[in-house]
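Okay, target-v3.txt now, which holds compact mmCIF, C-alpha atoms:
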# COMPACT_ATOMS: atom_id res chain seq x y z
CA MET X 6 0.00 0.00 0.00
CA ALA X 7 2.88 2.37 0.80
CA ALA X 8 4.57 1.68 -2.54
CA LEU X 9 1.39 2.04 -4.57
CA THR X 10 0.40 5.23 -2.76
CA ARG X 11 3.85 6.73 -3.33
CA ARG X 12 3.44 6.04 -7.04
CA GLY X 13 0.49 8.40 -6.97
CA LEU X 14 -2.21 5.74 -7.09
CA LYS X 15 -5.32 6.13 -4.98
CA VAL X 16 -5.55 2.88 -3.03
CA ALA X 17 -8.85 1.52 -1.69
CA PRO X 18 -7.90 -0.71 1.30
CA PHE X 19 -10.04 -3.55 2.67
CA LYS X 20 -9.56 -6.26 5.30
CA VAL X 21 -11.19 -9.70 5.30
CA GLY X 22 -12.41 -10.73 8.75
CA PRO X 23 -13.42 -8.96 11.96
CA ASP X 24 -10.01 -7.42 12.73
CA PHE X 25 -9.71 -3.78 13.88
CA ILE X 26 -5.92 -3.39 13.98
CA ASP X 27 -4.93 -4.06 10.36
CA PRO X 28 -7.48 -1.59 8.95
CA GLY X 29 -6.01 1.07 11.23
CA HIS X 30 -2.57 0.59 9.68
CA HIS X 31 -4.09 0.56 6.18
CA SER X 32 -5.77 3.90 6.83
CA ARG X 33 -2.58 5.45 8.20
CA ILE X 34 -0.61 4.42 5.13
CA THR X 35 -3.14 5.27 2.42
CA GLY X 36 -5.04 8.16 3.97
CA VAL X 37 -8.24 6.27 3.06
CA THR X 38 -10.54 4.52 5.55
CA SER X 39 -10.10 0.76 5.35
CA ARG X 40 -13.32 -1.27 5.42
CA ASN X 41 -13.98 -4.75 6.77
CA LEU X 42 -15.37 -7.47 4.55
CA ASP X 43 -16.64 -10.57 6.31
CA GLY X 44 -18.33 -13.66 4.90
CA TRP X 45 -19.93 -14.71 8.19
CA MET X 46 -20.87 -11.52 10.03
CA LEU X 47 -22.15 -9.82 6.86
CA SER X 48 -24.31 -10.96 3.96
CA ASN X 49 -23.06 -11.46 0.43
CA SER X 50 -24.97 -8.37 -0.76
CA TYR X 51 -23.61 -6.23 2.08
CA ASN X 52 -20.03 -7.21 1.23
CA LEU X 53 -20.54 -6.54 -2.46
CA ASP X 54 -22.17 -3.16 -1.76
CA ASN X 55 -19.37 -2.23 0.63
CA PHE X 56 -16.76 -3.11 -1.95
CA ALA X 57 -18.55 -1.32 -4.78
CA ARG X 58 -19.07 1.90 -2.83
CA TYR X 59 -15.52 2.31 -1.56
CA ALA X 60 -13.64 0.95 -4.56
CA LYS X 61 -15.38 3.02 -7.23
CA ASN X 62 -13.13 6.11 -6.99
CA ALA X 63 -9.85 4.22 -6.53
CA ASP X 64 -7.07 3.47 -8.99
CA ILE X 65 -6.32 0.14 -7.35
CA VAL X 66 -7.86 -2.05 -4.65
CA VAL X 67 -5.88 -4.01 -2.06
CA VAL X 68 -7.79 -6.53 0.06
CA GLU X 69 -5.76 -8.07 2.88
CA GLY X 70 -6.82 -11.62 3.63
CA VAL X 71 -7.35 -13.42 6.93
CA MET X 72 -5.34 -16.45 8.15
CA GLY X 73 -4.44 -18.84 5.32
CA LEU X 74 -6.06 -18.47 1.91
CA TYR X 75 -8.55 -21.31 2.39
CA ASP X 76 -8.99 -21.05 6.18
CA GLY X 77 -12.49 -20.16 7.35
CA TYR X 78 -14.94 -21.27 10.02
CA ASP X 79 -14.16 -24.97 9.81
CA GLY X 80 -12.35 -27.58 7.73
CA LYS X 81 -15.38 -28.50 5.62
CA SER X 82 -16.21 -25.35 3.67
CA GLU X 83 -14.80 -22.10 2.32
CA ALA X 84 -17.21 -20.04 4.43
CA GLY X 85 -15.53 -17.00 5.92
CA SER X 86 -12.26 -17.53 4.05
CA THR X 87 -10.16 -15.19 1.95
CA ALA X 88 -10.75 -17.52 -1.02
CA GLN X 89 -14.50 -17.13 -0.67
CA MET X 90 -14.23 -13.34 -0.61
CA ALA X 91 -11.87 -13.31 -3.61
CA LYS X 92 -14.47 -15.25 -5.62
CA TRP X 93 -17.35 -13.09 -4.40
CA LEU X 94 -15.48 -9.99 -5.57
CA ASP X 95 -13.94 -11.66 -8.65
CA LEU X 96 -10.42 -10.63 -7.65
CA PRO X 97 -7.11 -12.41 -8.31
CA VAL X 98 -5.01 -13.50 -5.32
CA MET X 99 -1.40 -12.59 -4.67
CA LEU X 100 -0.17 -15.57 -2.67
CA VAL X 101 2.40 -14.69 0.02
CA VAL X 102 4.50 -17.74 0.93
CA ASP X 103 6.74 -18.05 3.98
CA ALA X 104 9.87 -19.51 2.35
CA LYS X 105 11.99 -19.89 5.46
CA SER X 106 14.14 -23.05 5.19
CA MET X 107 12.41 -23.99 1.92
CA ALA X 108 13.62 -24.55 -1.63
CA ARG X 109 12.03 -27.00 -4.13
CA SER X 110 9.22 -27.80 -1.69
CA ALA X 111 7.89 -24.31 -2.43
CA ALA X 112 6.78 -25.52 -5.86
CA ALA X 113 4.79 -28.37 -4.31
CA LEU X 114 3.21 -26.01 -1.81
CA ILE X 115 2.21 -23.47 -4.45
CA MET X 116 0.97 -26.22 -6.77
CA GLY X 117 -1.36 -27.38 -4.01
CA PHE X 118 -2.79 -23.89 -3.50
CA GLU X 119 -3.12 -23.43 -7.25
CA CYS X 120 -4.99 -26.70 -7.84
CA PHE X 121 -7.08 -26.81 -4.67
CA ASP X 122 -9.84 -24.58 -6.05
CA PRO X 123 -10.00 -24.24 -9.87
CA GLU X 124 -12.42 -21.33 -9.58
CA LEU X 125 -9.80 -19.12 -7.95
CA THR X 126 -7.38 -17.01 -10.01
CA PHE X 127 -3.89 -15.93 -8.97
CA ALA X 128 -1.96 -12.78 -9.77
CA GLY X 129 1.30 -14.41 -8.66
CA ALA X 130 3.37 -15.52 -5.71
CA VAL X 131 5.60 -13.49 -3.42
CA PHE X 132 8.10 -15.16 -1.09
CA ASN X 133 8.67 -13.89 2.42
CA ASN X 134 11.45 -14.52 4.97
CA LEU X 135 14.11 -15.21 2.34
CA GLY X 136 17.59 -15.97 3.61
CA SER X 137 19.28 -14.18 0.69
CA PRO X 138 18.79 -13.14 -2.95
CA ARG X 139 20.34 -16.47 -3.95
CA HIS X 140 17.61 -18.22 -1.95
CA LEU X 141 15.04 -16.49 -4.15
CA GLN X 142 16.69 -17.86 -7.28
CA TYR X 143 16.40 -21.42 -5.93
CA LEU X 144 12.69 -20.82 -5.43
CA ILE X 145 12.20 -19.33 -8.89
CA ASP X 146 13.95 -22.33 -10.42
CA SER X 147 11.67 -24.69 -8.48
CA LEU X 148 8.56 -23.04 -9.91
CA ALA X 149 9.66 -23.28 -13.55
CA GLU X 150 7.43 -25.68 -15.50
CA ASN X 151 5.70 -26.76 -12.26
CA VAL X 152 3.16 -24.02 -11.56
CA LYS X 153 1.16 -21.58 -13.65
CA MET X 154 1.35 -18.46 -11.50
CA PRO X 155 4.37 -16.17 -11.92
CA CYS X 156 6.81 -15.37 -9.15
CA LEU X 157 6.54 -11.64 -8.46
CA GLY X 158 9.62 -11.52 -6.22
CA GLY X 159 10.56 -12.02 -2.62
CA LEU X 160 11.52 -10.21 0.58
CA VAL X 161 14.68 -11.01 2.48
CA LYS X 162 14.09 -11.35 6.22
CA ASN X 163 14.46 -7.94 7.88
CA GLU X 164 13.73 -7.53 11.61
CA ASN X 165 13.96 -3.75 11.29
CA ILE X 166 10.57 -3.47 9.58
CA SER X 167 8.57 -5.70 11.91
CA ILE X 168 5.63 -4.24 13.84
CA PRO X 169 5.68 -5.13 17.56
CA GLU X 170 2.94 -7.36 18.95
CA ARG X 171 1.01 -7.62 22.23
CA HIS X 172 -1.80 -9.73 23.61
CA LEU X 173 -4.50 -8.77 21.07
CA GLY X 174 -2.20 -8.83 18.02
CA LEU X 175 -0.11 -6.15 16.36
CA VAL X 176 0.35 -2.86 18.20
CA THR X 177 -2.31 -0.48 16.90
CA SER X 178 -1.67 2.43 14.57
CA GLU X 179 -2.48 4.75 17.48
CA ASP X 180 0.44 3.37 19.49
CA HIS X 181 2.81 2.53 16.63
CA LEU X 182 2.89 5.54 14.36
CA HIS X 183 4.64 5.05 11.02
CA ALA X 184 6.96 8.01 10.44
CA LYS X 185 7.32 9.17 6.83
CA GLU X 186 10.86 7.77 6.83
CA THR X 187 9.53 4.35 7.89
CA VAL X 188 6.85 4.41 5.21
CA ASP X 189 9.49 5.29 2.62
CA VAL X 190 11.61 2.36 3.78
CA LEU X 191 8.61 0.04 3.35
CA ALA X 192 7.88 1.43 -0.11
CA ASP X 193 11.55 1.11 -1.13
CA LEU X 194 11.59 -2.50 0.07
CA ILE X 195 8.58 -3.39 -2.08
CA GLU X 196 9.88 -1.55 -5.13
CA ASP X 197 13.25 -3.32 -4.82
CA SER X 198 11.84 -6.76 -4.04
CA ILE X 199 8.64 -7.16 -6.05
CA ASP X 200 7.87 -6.69 -9.74
CA LEU X 201 5.20 -4.06 -9.22
CA ASP X 202 5.25 -3.03 -12.88
CA GLY X 203 4.54 -6.60 -13.95
CA LEU X 204 1.83 -6.97 -11.31
CA LEU X 205 0.05 -3.76 -12.29
CA LYS X 206 0.30 -4.58 -15.99
CA ASN X 207 -1.40 -7.93 -15.57
CA LEU X 208 -4.10 -7.00 -13.06
CA PRO X 209 -7.60 -7.05 -14.57
CA GLU X 210 -9.91 -4.08 -14.72
CA ILE X 211 -12.46 -4.46 -11.93
CA LYS X 212 -16.10 -4.73 -12.82
CA LEU X 213 -17.78 -3.36 -9.73
CA PRO X 214 -20.92 -5.09 -8.45
CA THR X 215 -24.23 -3.29 -8.89
CA PRO X 216 -25.16 -1.91 -5.44
CA ALA X 217 -28.23 -3.42 -3.83
CA GLY X 218 -28.73 -0.48 -1.46
CA SER X 219 -27.79 -2.25 1.78
CA LEU X 220 -25.31 0.38 3.05
CA PRO X 221 -26.04 3.43 5.23
CA MET X 222 -26.54 6.84 3.65
CA ILE X 223 -25.36 9.75 5.77
CA GLY X 224 -28.08 12.35 6.02
CA SER X 225 -27.77 16.02 6.99
CA VAL X 226 -30.56 16.03 9.60
CA LYS X 227 -29.26 15.24 13.07
CA THR X 228 -31.69 14.40 15.84
CA VAL X 229 -29.38 13.29 18.68
CA ARG X 230 -25.76 13.70 19.81
CA ILE X 231 -23.81 10.56 20.75
CA ALA X 232 -20.46 10.83 22.50
CA VAL X 233 -17.94 8.22 21.29
CA ALA X 234 -14.82 7.48 23.36
CA ARG X 235 -11.91 7.43 20.92
CA ASP X 236 -8.25 7.32 21.87
CA ASN X 237 -5.47 4.76 22.43
CA ALA X 238 -7.57 2.96 25.07
CA PHE X 239 -10.77 2.84 23.00
CA CYS X 240 -9.89 2.38 19.32
CA PHE X 241 -11.79 -0.70 18.15
CA TYR X 242 -14.70 0.55 16.07
CA TYR X 243 -16.11 -0.59 12.77
CA ARG X 244 -16.44 2.55 10.70
CA ASP X 245 -19.71 1.07 9.43
CA ASN X 246 -21.15 1.15 12.96
CA LEU X 247 -20.55 4.89 13.22
CA ASP X 248 -21.95 5.38 9.73
CA TRP X 249 -25.12 3.47 10.64
CA LEU X 250 -25.60 5.69 13.69
CA ARG X 251 -25.16 8.76 11.48
CA HIS X 252 -27.57 7.26 8.96
CA GLU X 253 -30.21 7.08 11.70
CA GLY X 254 -29.71 10.75 12.60
CA ALA X 255 -26.89 10.79 15.15
CA GLU X 256 -24.24 13.44 15.38
CA ILE X 257 -21.02 11.73 16.54
CA VAL X 258 -18.87 13.67 19.01
CA PHE X 259 -15.51 12.14 19.97
CA PHE X 260 -13.78 12.49 23.33
CA SER X 261 -10.71 10.99 25.02
CA PRO X 262 -11.01 9.51 28.53
CA ILE X 263 -7.23 9.02 28.87
CA ALA X 264 -6.53 12.63 27.87
CA GLY X 265 -8.60 13.86 30.81
CA ASP X 266 -11.62 14.90 28.73
CA GLN X 267 -15.05 15.26 30.27
CA LEU X 268 -18.19 14.25 28.42
CA PRO X 269 -19.12 16.53 25.51
CA ARG X 270 -21.99 18.89 26.24
CA GLU X 271 -25.63 18.27 25.34
CA ILE X 272 -25.26 14.60 24.50
CA ASP X 273 -28.04 12.00 24.45
CA GLY X 274 -26.00 8.77 24.51
CA ILE X 275 -22.50 7.33 24.88
CA TYR X 276 -20.66 4.59 22.93
CA PHE X 277 -17.52 2.91 24.30
CA GLY X 278 -15.77 0.66 21.79
CA GLY X 279 -13.14 -1.94 22.53
CA GLY X 280 -9.42 -1.45 22.92
CA TYR X 281 -6.87 -1.53 25.70
CA PRO X 282 -8.23 -0.01 28.94
CA GLU X 283 -5.85 -2.29 30.87
CA LEU X 284 -2.82 -0.51 29.36
CA PHE X 285 -4.16 2.90 30.36
CA ALA X 286 -5.93 1.92 33.58
CA ASP X 287 -3.97 4.43 35.64
CA LYS X 288 -5.01 7.38 33.45
CA LEU X 289 -8.60 6.16 33.31
CA GLU X 290 -8.74 5.89 37.09
CA LYS X 291 -7.25 9.36 37.58
CA ASN X 292 -9.96 10.94 35.43
CA GLN X 293 -12.33 10.84 38.41
CA GLY X 294 -14.57 13.59 37.09
CA LEU X 295 -15.38 11.67 33.92
CA ARG X 296 -16.00 8.42 35.82
CA ALA X 297 -18.42 10.16 38.15
CA GLU X 298 -20.14 11.91 35.25
CA ILE X 299 -20.65 8.64 33.36
CA ARG X 300 -22.00 6.91 36.45
CA GLU X 301 -24.41 9.81 36.98
CA LYS X 302 -25.60 9.63 33.36
CA SER X 303 -26.10 5.89 33.69
CA ASP X 304 -28.14 6.29 36.87
CA ASP X 305 -30.14 9.01 35.11
CA GLY X 306 -31.11 6.60 32.30
CA MET X 307 -28.91 7.85 29.46
CA PRO X 308 -28.35 5.12 26.82
CA ILE X 309 -24.75 3.91 27.18
CA TYR X 310 -23.32 1.08 25.12
CA GLY X 311 -19.96 -0.62 25.83
CA GLU X 312 -18.15 -3.38 23.95
CA CYS X 313 -15.26 -5.46 25.33
CA GLY X 314 -12.72 -2.86 26.54
CA GLY X 315 -15.51 -0.31 26.77
CA PHE X 316 -17.55 -2.78 28.79
CA MET X 317 -14.58 -3.30 31.13
CA TYR X 318 -14.39 0.45 31.69
CA LEU X 319 -18.10 0.58 32.58
CA CYS X 320 -17.58 -2.02 35.32
CA GLN X 321 -16.68 -1.23 38.93
CA ALA X 322 -12.96 -1.96 38.74
CA LEU X 323 -10.25 -3.51 36.56
CA TYR X 324 -7.48 -5.77 37.89
CA ASP X 325 -4.31 -5.98 35.80
CA GLN X 326 -2.16 -9.11 35.48
CA ASN X 327 -0.26 -8.14 38.62
CA GLY X 328 -3.46 -8.00 40.63
CA GLN X 329 -3.41 -4.22 40.98
CA ARG X 330 -6.89 -2.73 41.24
CA PHE X 331 -8.01 0.32 39.25
CA SER X 332 -11.38 1.97 39.80
CA MET X 333 -13.49 2.37 36.67
CA ALA X 334 -16.87 4.02 35.97
CA GLY X 335 -18.93 1.68 38.15
CA CYS X 336 -22.08 1.43 36.03
CA PHE X 337 -22.03 -2.35 36.49
CA PRO X 338 -21.56 -3.76 40.02
CA PHE X 339 -18.77 -6.19 39.14
CA THR X 340 -15.10 -6.24 38.23
CA THR X 341 -12.93 -7.56 35.39
CA ALA X 342 -9.48 -9.12 35.67
CA MET X 343 -6.72 -9.58 33.10
CA PHE X 344 -5.14 -12.98 32.48
CA PRO X 345 -1.91 -13.95 30.66
CA ARG X 346 -3.80 -16.34 28.38
CA LEU X 347 -6.65 -15.96 25.93
CA LYS X 348 -10.09 -16.33 27.54
CA ALA X 349 -12.37 -16.18 24.48
CA LEU X 350 -12.04 -15.96 20.70
CA GLY X 351 -14.52 -16.47 17.88
CA TYR X 352 -17.56 -15.32 15.96
CA ARG X 353 -20.78 -14.89 17.92
CA GLU X 354 -24.46 -14.64 17.07
CA ILE X 355 -26.42 -12.63 19.62
CA THR X 356 -30.15 -13.05 20.21
CA LEU X 357 -31.60 -10.43 22.53
CA THR X 358 -33.53 -12.03 25.39
CA ARG X 359 -35.10 -8.78 26.55
CA ASP X 360 -35.73 -5.29 25.21
CA THR X 361 -32.48 -3.31 25.16
CA ILE X 362 -31.12 -0.03 23.81
CA ILE X 363 -29.92 -1.80 20.63
CA GLY X 364 -33.06 -3.79 19.90
CA SER X 365 -36.17 -5.55 21.06
CA ARG X 366 -36.34 -9.06 22.40
CA GLY X 367 -35.66 -11.65 19.69
CA LEU X 368 -33.47 -9.42 17.49
CA VAL X 369 -30.41 -11.25 16.11
CA ILE X 370 -27.03 -9.52 15.61
CA ARG X 371 -23.67 -10.97 14.61
CA GLY X 372 -20.20 -10.08 15.85
CA HIS X 373 -17.10 -11.57 17.44
CA GLU X 374 -15.36 -11.94 20.80
CA PHE X 375 -11.62 -11.69 21.59
CA HIS X 376 -10.25 -10.92 25.05
CA TYR X 377 -7.78 -11.84 27.78
CA SER X 378 -9.93 -10.80 30.73
CA GLU X 379 -12.96 -12.23 32.49
CA LEU X 380 -15.70 -11.05 34.81
CA GLY X 381 -15.32 -11.20 38.55
CA LYS X 382 -17.98 -11.88 41.17
CA GLY X 383 -21.32 -10.12 40.99
CA ALA X 384 -22.15 -10.62 37.32
CA GLN X 385 -24.70 -13.28 38.17
CA ASP X 386 -26.68 -10.67 40.11
CA VAL X 387 -27.36 -8.55 36.99
CA GLN X 388 -30.06 -9.60 34.55
CA ASN X 389 -28.62 -10.86 31.28
CA ALA X 390 -29.84 -9.57 27.94
CA TYR X 391 -28.10 -11.91 25.47
CA GLN X 392 -28.37 -15.48 24.31
CA ILE X 393 -25.09 -16.25 22.54
CA SER X 394 -24.07 -18.95 20.08
CA ASP X 395 -20.83 -19.35 18.14
CA ARG X 396 -20.45 -19.81 14.39
CA LEU X 397 -21.28 -23.53 14.70
CA GLY X 398 -24.52 -22.79 16.58
CA LEU X 399 -23.21 -24.01 19.93
CA ASP X 400 -24.48 -22.08 22.93
CA LYS X 401 -21.97 -19.94 24.83
CA PRO X 402 -22.27 -18.48 28.33
CA PRO X 403 -24.40 -15.28 28.17
CA ASP X 404 -22.61 -12.02 28.93
CA GLY X 405 -24.79 -9.14 27.82
CA TYR X 406 -25.71 -7.02 30.85
CA MET X 407 -28.08 -4.09 31.20
CA VAL X 408 -28.47 -1.73 34.14
CA ASN X 409 -30.91 1.12 33.55
CA ARG X 410 -30.18 1.96 29.91
CA THR X 411 -26.51 0.96 30.13
CA LEU X 412 -25.70 -2.14 28.06
CA GLY X 413 -22.34 -3.90 28.08
CA SER X 414 -20.80 -7.09 26.75
CA TYR X 415 -17.51 -8.61 25.64
CA ASN X 416 -18.95 -8.97 22.13
CA HIS X 417 -18.06 -6.63 19.29
CA LEU X 418 -21.22 -6.33 17.19
CA HIS X 419 -21.32 -5.27 13.56
CA PHE X 420 -24.37 -3.13 12.92
CA GLY X 421 -24.17 -4.07 9.23
CA SER X 422 -25.36 -7.53 10.23
CA GLN X 423 -28.48 -5.96 11.79
CA PRO X 424 -29.04 -2.23 11.06
CA GLU X 425 -31.98 -2.25 13.49
CA ALA X 426 -29.36 -2.09 16.27
CA ALA X 427 -28.23 1.40 15.25
CA LYS X 428 -31.85 2.50 14.74
CA HIS X 429 -32.85 1.33 18.24
CA PHE X 430 -29.86 3.00 19.85
CA VAL X 431 -30.64 6.34 18.22
CA GLU X 432 -34.34 5.99 19.09
CA ASN X 433 -33.47 5.35 22.72
CA CYS X 434 -31.23 8.41 22.70
CA MET X 435 -34.16 10.42 21.34
CA ILE X 436 -36.47 9.07 24.06
CA TYR X 437 -33.92 10.09 26.67
CA ARG X 438 -33.63 13.58 25.16
CA HIS X 439 -37.39 14.09 25.21
CA GLN X 440 -37.58 12.90 28.83
CA LYS X 441 -34.93 15.41 29.86
CA GLU X 442 -36.61 18.21 27.94
CA ASN X 443 -39.95 17.45 29.57
CA GLN X 444 -38.32 17.49 33.01
CA VAL X 445 -37.07 21.00 32.30

Using structure tokens, write down the structure that the file contains.
Amino acid sequence: MAALTRRGLKVAPFKVGPDFIDPGHHSRITGVTSRNLDGWMLSNSYNLDNFARYAKNADIVVVEGVMGLYDGYDGKSEAGSTAQMAKWLDLPVMLVVDAKSMARSAAALIMGFECFDPELTFAGAVFNNLGSPRHLQYLIDSLAENVKMPCLGGLVKNENISIPERHLGLVTSEDHLHAKETVDVLADLIEDSIDLDGLLKNLPEIKLPTPAGSLPMIGSVKTVRIAVARDNAFCFYYRDNLDWLRHEGAEIVFFSPIAGDQLPREIDGIYFGGGYPELFADKLEKNQGLRAEIREKSDDGMPIYGECGGFMYLCQALYDQNGQRFSMAGCFPFTTAMFPRLKALGYREITLTRDTIIGSRGLVIRGHEFHYSELGKGAQDVQNAYQISDRLGLDKPPDGYMVNRTLGSYNHLHFGSQPEAAKHFVENCMIYRHQKENQV
């Protein structure tokens, strides 16, 4: 993306799967918002509409895959895989192969990928983790007369360009800013290592799908103001979710809890996305005024919605891995605690078991769950609002809690899977506004 952008091309970036971190890096590099495409959370028509809308003004589209090319929900089907999305969008695949300690076996590996699904097309192969330029020549020789796809080049292993990782994946773009010099190094590496001219010459012209009208349209009439926590601690948001709220008439106002901000004035609801409250627990605790203000709004009946890290912040306290306690907003009468190992990961389908601020009882919404923390004592004393199943339909422990009009859960929901969620949230914000106005 850095190399293509530097060439003066307008890149439309996309990410397959529910990930928040990769799209953040895409957006930093290209200056264009990266959108998620997902074969399980979102319908075929929604994905095609999303692609058509945000690719139409671009010179080139880059869609980053998820896991291995054919990896999806299970070992039986292509559902949720990069291969499925490539066929839905009619795009060729550039296959990136880890060539560490590999020579002629690379041809067998690539042959397997090439023959596994005849309906898939390939733009070429790129080798990663090369030991040397001579290593690349061995690999090129192995492909000759064995595979159809061309070798587009390879990258010699270079620790200096790696992005650091932590417990939820790569460090986010908010915490790992790419300086212009770093971006230039990345672009130089691609230009020197990959045949971009050959790739661009052979890429097909995209025939964009005809939109079916399933995406939000941002109107000019705003009926409510929703405060959205957005900083290094709360940075996991699907851009589509914010667009759906705007579509329903919300004005989005951002604020930063770790910067010491108070709530924006004249708001009718609050949205806390996921992120890393555990890394900024000290700053969140010190912002006592904001914590008290949020608790007061919750007690007053303001609609407040928290996902994963945002949900943790809305609880009474957070314990880090060392057992140190940090006071949080206290809307929910229980605590959360960090663990050194993963506690939950996977797609989730949520069925509301009671009327909530994001929908009426029986409404179904899809999303995913990924966290290293768990709830402490007291959660069983709060009425649950979710029935949860995973992608295979197996029931999971419920963890959607509602106190007053404050709703929290470890699940990240995609409003594109159920636009009624955004509509209900905005409607509840409007109800709250009218109640406050009538009190005055």

**OP:** Return the single residue from X:Asp202, X:Asp236, X:Asp43, X:Asp76 that is closest to Leu289 (chain X), with distances computed using only C-alpha atoms.
**Re:** X:Asp236

Original post:
Looking at X:Leu160, X:Ile145, X:Val66, X:Val233, which one is nearest to Lys105 (chain X), with distances taken over all atoms listed in the file?
Top reply: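 Among the listed residues, X:Leu160 lies closest to Lys105 (chain X).
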
Original post:
Quick one: of X:Arg438, X:Arg396, X:His140, X:Lys185, who's nearest to Gly85 (chain X), counting all atoms listed in the file?
Top reply: X:Arg396

Neighbouring residues of Leu357 (chain X) were defined as those with any atom within 10 Å, considering only C-alpha atoms; residues of the same chain fewer than 2 positions away were excluded. Please report them as a compact mmCIF listing (two decimals) with C-alpha atoms, in the frame of the given file.
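Writing done, so here's around04.txt:
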# COMPACT_ATOMS: atom_id res chain seq x y z
CA GLU X 354 -24.46 -14.64 17.07
CA ILE X 355 -26.42 -12.63 19.62
CA ARG X 359 -35.10 -8.78 26.55
CA ASP X 360 -35.73 -5.29 25.21
CA THR X 361 -32.48 -3.31 25.16
CA ILE X 363 -29.92 -1.80 20.63
CA GLY X 364 -33.06 -3.79 19.90
CA SER X 365 -36.17 -5.55 21.06
CA ARG X 366 -36.34 -9.06 22.40
CA GLY X 367 -35.66 -11.65 19.69
CA LEU X 368 -33.47 -9.42 17.49
CA VAL X 369 -30.41 -11.25 16.11
CA ILE X 370 -27.03 -9.52 15.61
CA ASN X 389 -28.62 -10.86 31.28
CA ALA X 390 -29.84 -9.57 27.94
CA TYR X 391 -28.10 -11.91 25.47
CA GLN X 392 -28.37 -15.48 24.31
CA ILE X 393 -25.09 -16.25 22.54
CA GLY X 405 -24.79 -9.14 27.82

Original post:
Could you tell me, as number ranges by chain, which residues have any atom at most 6 Å from (-13.0, -6.2, 39.2), counting only C-alpha atoms?
Top reply: X: 322-324, 339-342, 381
